[in-house]
Amino acid sequence: MCQRPEVLKLSERQYSLQHVKAFGLHNHLILDPWNKNCVFYVDSQWKICLVSIDENSRASEACPVLAVPDSSYKKNVPDRLCMTLEFISAELAILADGAGTLYIIKTGVRTSGSAWEVLHSEVVLGEDKPFLLRSASLSRKETELEIILLHVDTKDDGFISILEWLSFHSDDGTKWAVTQSRRLEGKLSPDHVNVVSDTQSLYLSGEQSFKFVYDSINPVEEEDDKMADGQFLPTLGVKQMRTLSYSLL
């Protein structure tokens, strides 16, 4: 049985403007682009719950479809964040548990309310490193997956917002592995993040620009990152990607 949605508040150490901008607002309802009459949420017991809406706009009783693993331990991770979930196909989803673990999940037909299956789980940024899922995209052949994660860290006696861009590959759609990782840094969390797998493109919009600082395959070259208002920032040292970062202000 599902419980009420889990609601977290920022900790005393998450006091900066960067933390508030990145984590201060959270929508606890997750829509399914493939099923307009389904909505999901994470309850206080770390179960992902399905609520169906009928033709008369009446909501069904919440039905659990997945119990997120290791909840008793991960609930005690310092400064953990709300879970973030995104559906990337009719039968696949990406979940960040807010305590440092990323999941690739086979949901099956989501309208059925059947149990979901975890295909891949990984502590991608190091132990107890909380992050949010900001965008995910699956290629048309369903063999390539791009994921953007957001976290806040310290730098030069202050805080910065960091986007981690992870590329996954699978030969059979069940076993996934990271093939490339990239890191971008900026002063504030972007308002909009969208990654497109088939074109290897990343689109950002927000108050501040971002720059590449790390790439596991292509070394990042040091360049002047000063930008005029409304100017596009090209990929730094990544020649084969059509990656754009756009600053609105």
# chains A, B, ... in the order shown; residues from 1 in each chain; ligands from 1

call {"tool": "closest_atom_pairs", "arguments": {"of": "segment 135-231 of chain A", "to": "segment 87-111 of chain A", "cutoff": "9 Å", "atoms": "only C-alpha atoms", "output": "tab-separated table"}}
result
residue	atom	partner	partner_atom	distance
A:Ala136	CA	A:Ile88	CA	6.7
A:Ser137	CA	A:Ile88	CA	5.9
A:Leu138	CA	A:Ile88	CA	6.0
A:Glu142	CA	A:Ser89	CA	8.9
A:Ile147	CA	A:Ile94	CA	8.6
A:Leu149	CA	A:Ala96	CA	8.6
A:Thr174	CA	A:Lys106	CA	8.4
A:Trp176	CA	A:Ile104	CA	8.2

call {"tool": "write_last_selection", "arguments": {"atoms": "N, CA and C atoms", "output": "mmCIF file, in the first residue's frame"}}
result
data_model
loop_
_atom_site.group_PDB
_atom_site.id
_atom_site.type_symbol
_atom_site.label_atom_id
_atom_site.label_comp_id
_atom_site.auth_asym_id
_atom_site.auth_seq_id
_atom_site.Cartn_x
_atom_site.Cartn_y
_atom_site.Cartn_z
ATOM 1 N N ALA A 136 17.131 13.258 -19.646
ATOM 2 C CA ALA A 136 17.582 11.957 -20.148
ATOM 3 C C ALA A 136 16.975 11.730 -21.519
ATOM 4 N N SER A 137 17.731 11.068 -22.384
ATOM 5 C CA SER A 137 17.270 10.844 -23.752
ATOM 6 C C SER A 137 17.801 9.515 -24.260
ATOM 7 N N LEU A 138 16.915 8.736 -24.867
ATOM 8 C CA LEU A 138 17.256 7.436 -25.443
ATOM 9 C C LEU A 138 17.278 7.551 -26.960
ATOM 10 N N GLU A 142 17.618 2.675 -29.408
ATOM 11 C CA GLU A 142 17.553 2.266 -28.005
ATOM 12 C C GLU A 142 18.825 1.564 -27.542
ATOM 13 N N ILE A 147 22.359 11.153 -20.186
ATOM 14 C CA ILE A 147 21.755 11.552 -18.917
ATOM 15 C C ILE A 147 22.484 12.780 -18.379
ATOM 16 N N LEU A 149 22.904 15.062 -14.928
ATOM 17 C CA LEU A 149 22.701 15.115 -13.483
ATOM 18 C C LEU A 149 23.152 16.474 -12.958
ATOM 19 N N THR A 174 19.443 -4.399 -22.062
ATOM 20 C CA THR A 174 19.295 -4.819 -20.665
ATOM 21 C C THR A 174 20.542 -4.528 -19.832
ATOM 22 N N TRP A 176 23.704 -2.128 -19.276
ATOM 23 C CA TRP A 176 24.139 -0.782 -19.628
ATOM 24 C C TRP A 176 25.471 -0.464 -18.964
#

call {"tool": "closest_atom_pairs", "arguments": {"of": "segment 128-162 of chain A", "to": "segment 189-198 of chain A", "cutoff": "9 Å", "atoms": "only C-alpha atoms", "output": "JSON lines"}}
result
{"residue": "A:Arg134", "atom": "CA", "partner": "A:Val193", "partner_atom": "CA", "distance": 6.4}
{"residue": "A:Ser135", "atom": "CA", "partner": "A:Asn194", "partner_atom": "CA", "distance": 5.6}
{"residue": "A:Ala136", "atom": "CA", "partner": "A:Val195", "partner_atom": "CA", "distance": 6.3}
{"residue": "A:Ser137", "atom": "CA", "partner": "A:Ser197", "partner_atom": "CA", "distance": 5.3}
{"residue": "A:Leu138", "atom": "CA", "partner": "A:Ser197", "partner_atom": "CA", "distance": 5.8}
{"residue": "A:Ser139", "atom": "CA", "partner": "A:Ser197", "partner_atom": "CA", "distance": 5.2}
{"residue": "A:Arg140", "atom": "CA", "partner": "A:Asp198", "partner_atom": "CA", "distance": 7.0}
{"residue": "A:Glu144", "atom": "CA", "partner": "A:Ser197", "partner_atom": "CA", "distance": 6.8}
{"residue": "A:Leu145", "atom": "CA", "partner": "A:Ser197", "partner_atom": "CA", "distance": 6.2}
{"residue": "A:Glu146", "atom": "CA", "partner": "A:Ser197", "partner_atom": "CA", "distance": 5.5}
{"residue": "A:Ile147", "atom": "CA", "partner": "A:Val195", "partner_atom": "CA", "distance": 7.3}
{"residue": "A:Ile148", "atom": "CA", "partner": "A:Val195", "partner_atom": "CA", "distance": 7.2}
{"residue": "A:Leu150", "atom": "CA", "partner": "A:Ser189", "partner_atom": "CA", "distance": 7.9}
{"residue": "A:His151", "atom": "CA", "partner": "A:Ser189", "partner_atom": "CA", "distance": 8.8}
{"residue": "A:Val152", "atom": "CA", "partner": "A:Ser189", "partner_atom": "CA", "distance": 8.6}
{"residue": "A:Ile160", "atom": "CA", "partner": "A:Ser189", "partner_atom": "CA", "distance": 8.5}
{"residue": "A:Ser161", "atom": "CA", "partner": "A:Ser189", "partner_atom": "CA", "distance": 5.6}
{"residue": "A:Ile162", "atom": "CA", "partner": "A:Ser189", "partner_atom": "CA", "distance": 7.8}

call {"tool": "select_by_dssp", "arguments": {"residues": "segment 35-136 of chain A", "states": "strand (DSSP E or B)", "output": "ChimeraX atom specification"}}
result
/A:38-43,47-53,59,63-67,84-87,92-96,102-106,117-122,132-136

call {"tool": "residues_around", "arguments": {"residues": "Cys63 of chain A", "least_positions_apart": "3", "cutoff": "8 Å", "atoms": "only C-alpha atoms", "output": "ChimeraX atom specification"}}
result
/A:1-2,49-51,113

call {"tool": "atom_distance", "arguments": {"atom1": "atom CA of Leu202 of chain A", "atom2": "atom CA of Phe168 of chain A"}}
result
15.3 Å

call {"tool": "residues_around", "arguments": {"residues": "Val68 of chain A", "least_positions_apart": "3", "cutoff": "9 Å", "atoms": "only C-alpha atoms", "output": "PyMOL selection string"}}
result
chain A and resi 45-48+71+97

call {"tool": "select_by_dssp", "arguments": {"residues": "segment 74-248 of chain A", "states": "helix (DSSP H, G or I)", "output": "PyMOL selection string"}}
result
chain A and resi 74+110-112

call {"tool": "write_last_selection", "arguments": {"atoms": "C-alpha atoms", "output": "CSV table (one decimal), in the first residue's frame"}}
result
chain,number,residue,atom,x,y,z
A,74,LYS,CA,20.0,5.8,2.1
A,110,ARG,CA,3.0,1.2,-17.2
A,111,THR,CA,-0.8,1.4,-17.4
A,112,SER,CA,-1.0,-2.2,-16.1

call {"tool": "atom_distance", "arguments": {"atom1": "atom CA of Asp215 of chain A", "atom2": "atom CA of Gln200 of chain A"}}
result
14.0 Å

call {"tool": "residues_around", "arguments": {"residues": "Lys175 of chain A", "least_positions_apart": "3", "cutoff": "7 Å", "atoms": "only C-alpha atoms", "output": "JSON, numbers by chain"}}
result
{"A": [119, 120, 170, 172]}

call {"tool": "write_last_selection", "arguments": {"atoms": "C-alpha atoms", "output": "PDB file, in the first residue's frame"}}
result
ATOM      1  CA  LEU A 119      18.206  -3.183 -15.132  1.00  0.00           C
ATOM      2  CA  HIS A 120      21.169  -1.141 -13.923  1.00  0.00           C
ATOM      3  CA  SER A 170      23.798  -1.213 -24.350  1.00  0.00           C
ATOM      4  CA  ASP A 172      20.857  -5.755 -25.888  1.00  0.00           C
TER       5      ASP A 172
END

call {"tool": "closest_residue", "arguments": {"among": "A:Ala177, A:Leu133, A:Met83, A:Val118", "to": "Ser44 of chain A", "atoms": "only C-alpha atoms"}}
result
A:Met83

call {"tool": "closest_residue", "arguments": {"among": "A:Asn76, A:Thr154, A:Ser16, A:Ser205", "to": "Asp128 of chain A", "atoms": "only C-alpha atoms"}}
result
A:Asn76

call {"tool": "closest_residue", "arguments": {"among": "A:Ser216, A:Arg4, A:Gly158, A:Leu188", "to": "Leu204 of chain A", "atoms": "only C-alpha atoms"}}
result
A:Leu188

call {"tool": "closest_residue", "arguments": {"among": "A:Ser209, A:Lys155, A:Lys141, A:Lys187", "to": "Gly173 of chain A", "atoms": "only C-alpha atoms"}}
result
A:Lys141

call {"tool": "closest_atom_pairs", "arguments": {"of": "segment 52-123 of chain A", "to": "segment 26-32 of chain A", "cutoff": "8 Å", "atoms": "only C-alpha atoms", "output": "JSON lines"}}
result
{"residue": "A:Cys82", "atom": "CA", "partner": "A:His26", "partner_atom": "CA", "distance": 7.6}
{"residue": "A:Leu85", "atom": "CA", "partner": "A:Ile30", "partner_atom": "CA", "distance": 7.0}
{"residue": "A:Glu86", "atom": "CA", "partner": "A:Ile30", "partner_atom": "CA", "distance": 7.6}
{"residue": "A:Phe87", "atom": "CA", "partner": "A:Asp32", "partner_atom": "CA", "distance": 6.6}

call {"tool": "closest_residue", "arguments": {"among": "A:Val178, A:Ala67, A:Val7, A:Val124", "to": "Thr143 of chain A", "atoms": "only C-alpha atoms"}}
result
A:Val178

call {"tool": "atom_distance", "arguments": {"atom1": "atom CA of Phe212 of chain A", "atom2": "atom CA of Asp157 of chain A"}}
result
20.5 Å

call {"tool": "decode", "arguments": {"residues": "segment 61-98 of chain A", "atoms": "N, CA and C atoms", "output": "JSON list (two decimals), in the first residue's frame"}}
result
[["chain", "number", "residue", "atom", "x", "y", "z"],
["A", 61, "GLU", "N", -6.95, 4.49, -6.58],
["A", 61, "GLU", "CA", -6.10, 4.32, -5.41],
["A", 61, "GLU", "C", -4.67, 4.09, -5.87],
["A", 62, "ALA", "N", -3.71, 4.69, -5.17],
["A", 62, "ALA", "CA", -2.31, 4.58, -5.56],
["A", 62, "ALA", "C", -1.85, 3.13, -5.49],
["A", 63, "CYS", "N", -1.10, 2.72, -6.53],
["A", 63, "CYS", "CA", -0.62, 1.34, -6.63],
["A", 63, "CYS", "C", 0.91, 1.34, -6.68],
["A", 64, "PRO", "N", 1.60, 0.63, -5.77],
["A", 64, "PRO", "CA", 3.07, 0.59, -5.81],
["A", 64, "PRO", "C", 3.57, -0.25, -6.97],
["A", 65, "VAL", "N", 4.58, 0.27, -7.69],
["A", 65, "VAL", "CA", 5.16, -0.47, -8.81],
["A", 65, "VAL", "C", 6.63, -0.80, -8.60],
["A", 66, "LEU", "N", 7.29, -0.10, -7.66],
["A", 66, "LEU", "CA", 8.70, -0.37, -7.38],
["A", 66, "LEU", "C", 9.04, 0.10, -5.97],
["A", 67, "ALA", "N", 9.71, -0.76, -5.22],
["A", 67, "ALA", "CA", 10.30, -0.37, -3.94],
["A", 67, "ALA", "C", 11.77, -0.07, -4.19],
["A", 68, "VAL", "N", 12.16, 1.19, -4.03],
["A", 68, "VAL", "CA", 13.54, 1.59, -4.31],
["A", 68, "VAL", "C", 14.47, 0.90, -3.31],
["A", 69, "PRO", "N", 15.53, 0.24, -3.79],
["A", 69, "PRO", "CA", 16.41, -0.54, -2.91],
["A", 69, "PRO", "C", 17.14, 0.29, -1.86],
["A", 70, "ASP", "N", 17.51, -0.38, -0.77],
["A", 70, "ASP", "CA", 18.37, 0.16, 0.28],
["A", 70, "ASP", "C", 17.82, 1.43, 0.92],
["A", 71, "SER", "N", 16.51, 1.50, 1.06],
["A", 71, "SER", "CA", 15.91, 2.73, 1.59],
["A", 71, "SER", "C", 16.30, 2.98, 3.04],
["A", 72, "SER", "N", 16.43, 1.94, 3.85],
["A", 72, "SER", "CA", 16.73, 2.14, 5.27],
["A", 72, "SER", "C", 18.08, 2.80, 5.47],
["A", 73, "TYR", "N", 19.05, 2.47, 4.61],
["A", 73, "TYR", "CA", 20.37, 3.10, 4.70],
["A", 73, "TYR", "C", 20.38, 4.47, 4.04],
["A", 74, "LYS", "N", 19.84, 4.55, 2.84],
["A", 74, "LYS", "CA", 19.98, 5.77, 2.06],
["A", 74, "LYS", "C", 19.16, 6.94, 2.60],
["A", 75, "LYS", "N", 18.14, 6.64, 3.38],
["A", 75, "LYS", "CA", 17.38, 7.73, 3.99],
["A", 75, "LYS", "C", 18.23, 8.52, 4.98],
["A", 76, "ASN", "N", 19.34, 7.94, 5.43],
["A", 76, "ASN", "CA", 20.22, 8.61, 6.38],
["A", 76, "ASN", "C", 21.41, 9.29, 5.73],
["A", 77, "VAL", "N", 21.47, 9.28, 4.41],
["A", 77, "VAL", "CA", 22.57, 9.96, 3.71],
["A", 77, "VAL", "C", 22.46, 11.46, 3.97],
["A", 78, "PRO", "N", 23.53, 12.11, 4.42],
["A", 78, "PRO", "CA", 23.47, 13.55, 4.71],
["A", 78, "PRO", "C", 23.10, 14.37, 3.47],
["A", 79, "ASP", "N", 22.24, 15.33, 3.67],
["A", 79, "ASP", "CA", 21.87, 16.29, 2.62],
["A", 79, "ASP", "C", 21.26, 15.62, 1.39],
["A", 80, "ARG", "N", 20.60, 14.49, 1.59],
["A", 80, "ARG", "CA", 19.98, 13.83, 0.44],
["A", 80, "ARG", "C", 18.86, 14.69, -0.14],
["A", 81, "LEU", "N", 18.51, 14.39, -1.38],
["A", 81, "LEU", "CA", 17.55, 15.19, -2.13],
["A", 81, "LEU", "C", 16.32, 14.36, -2.46],
["A", 82, "CYS", "N", 15.31, 15.02, -2.98],
["A", 82, "CYS", "CA", 14.12, 14.31, -3.45],
["A", 82, "CYS", "C", 14.48, 13.43, -4.64],
["A", 83, "MET", "N", 13.78, 12.32, -4.78],
["A", 83, "MET", "CA", 13.98, 11.48, -5.96],
["A", 83, "MET", "C", 13.47, 12.18, -7.21],
["A", 84, "THR", "N", 14.14, 11.90, -8.32],
["A", 84, "THR", "CA", 13.71, 12.43, -9.61],
["A", 84, "THR", "C", 13.59, 11.27, -10.59],
["A", 85, "LEU", "N", 12.50, 11.27, -11.34],
["A", 85, "LEU", "CA", 12.17, 10.17, -12.24],
["A", 85, "LEU", "C", 11.80, 10.73, -13.61],
["A", 86, "GLU", "N", 12.31, 10.09, -14.65],
["A", 86, "GLU", "CA", 11.95, 10.51, -16.02],
["A", 86, "GLU", "C", 11.76, 9.28, -16.88],
["A", 87, "PHE", "N", 10.69, 9.30, -17.68],
["A", 87, "PHE", "CA", 10.41, 8.22, -18.61],
["A", 87, "PHE", "C", 11.05, 8.54, -19.95],
["A", 88, "ILE", "N", 11.82, 7.59, -20.49],
["A", 88, "ILE", "CA", 12.56, 7.84, -21.73],
["A", 88, "ILE", "C", 12.02, 7.03, -22.91],
["A", 89, "SER", "N", 11.11, 6.10, -22.65],
["A", 89, "SER", "CA", 10.44, 5.35, -23.71],
["A", 89, "SER", "C", 9.17, 4.76, -23.12],
["A", 90, "ALA", "N", 8.45, 4.01, -23.93],
["A", 90, "ALA", "CA", 7.20, 3.42, -23.46],
["A", 90, "ALA", "C", 7.42, 2.40, -22.36],
["A", 91, "GLU", "N", 8.67, 1.86, -22.24],
["A", 91, "GLU", "CA", 8.90, 0.82, -21.24],
["A", 91, "GLU", "C", 10.21, 1.00, -20.48],
["A", 92, "LEU", "N", 10.81, 2.20, -20.53],
["A", 92, "LEU", "CA", 12.05, 2.45, -19.79],
["A", 92, "LEU", "C", 11.95, 3.76, -19.02],
["A", 93, "ALA", "N", 12.63, 3.80, -17.87],
["A", 93, "ALA", "CA", 12.66, 5.01, -17.05],
["A", 93, "ALA", "C", 14.03, 5.15, -16.40],
["A", 94, "ILE", "N", 14.36, 6.40, -16.03],
["A", 94, "ILE", "CA", 15.59, 6.70, -15.30],
["A", 94, "ILE", "C", 15.19, 7.28, -13.95],
["A", 95, "LEU", "N", 15.86, 6.81, -12.90],
["A", 95, "LEU", "CA", 15.56, 7.28, -11.54],
["A", 95, "LEU", "C", 16.86, 7.68, -10.85],
["A", 96, "ALA", "N", 16.86, 8.86, -10.23],
["A", 96, "ALA", "CA", 17.92, 9.27, -9.32],
["A", 96, "ALA", "C", 17.32, 9.28, -7.92],
["A", 97, "ASP", "N", 17.90, 8.51, -7.00],
["A", 97, "ASP", "CA", 17.26, 8.34, -5.69],
["A", 97, "ASP", "C", 17.55, 9.49, -4.72],
["A", 98, "GLY", "N", 18.32, 10.49, -5.16],
["A", 98, "GLY", "CA", 18.61, 11.64, -4.30],
["A", 98, "GLY", "C", 19.66, 11.37, -3.25]]
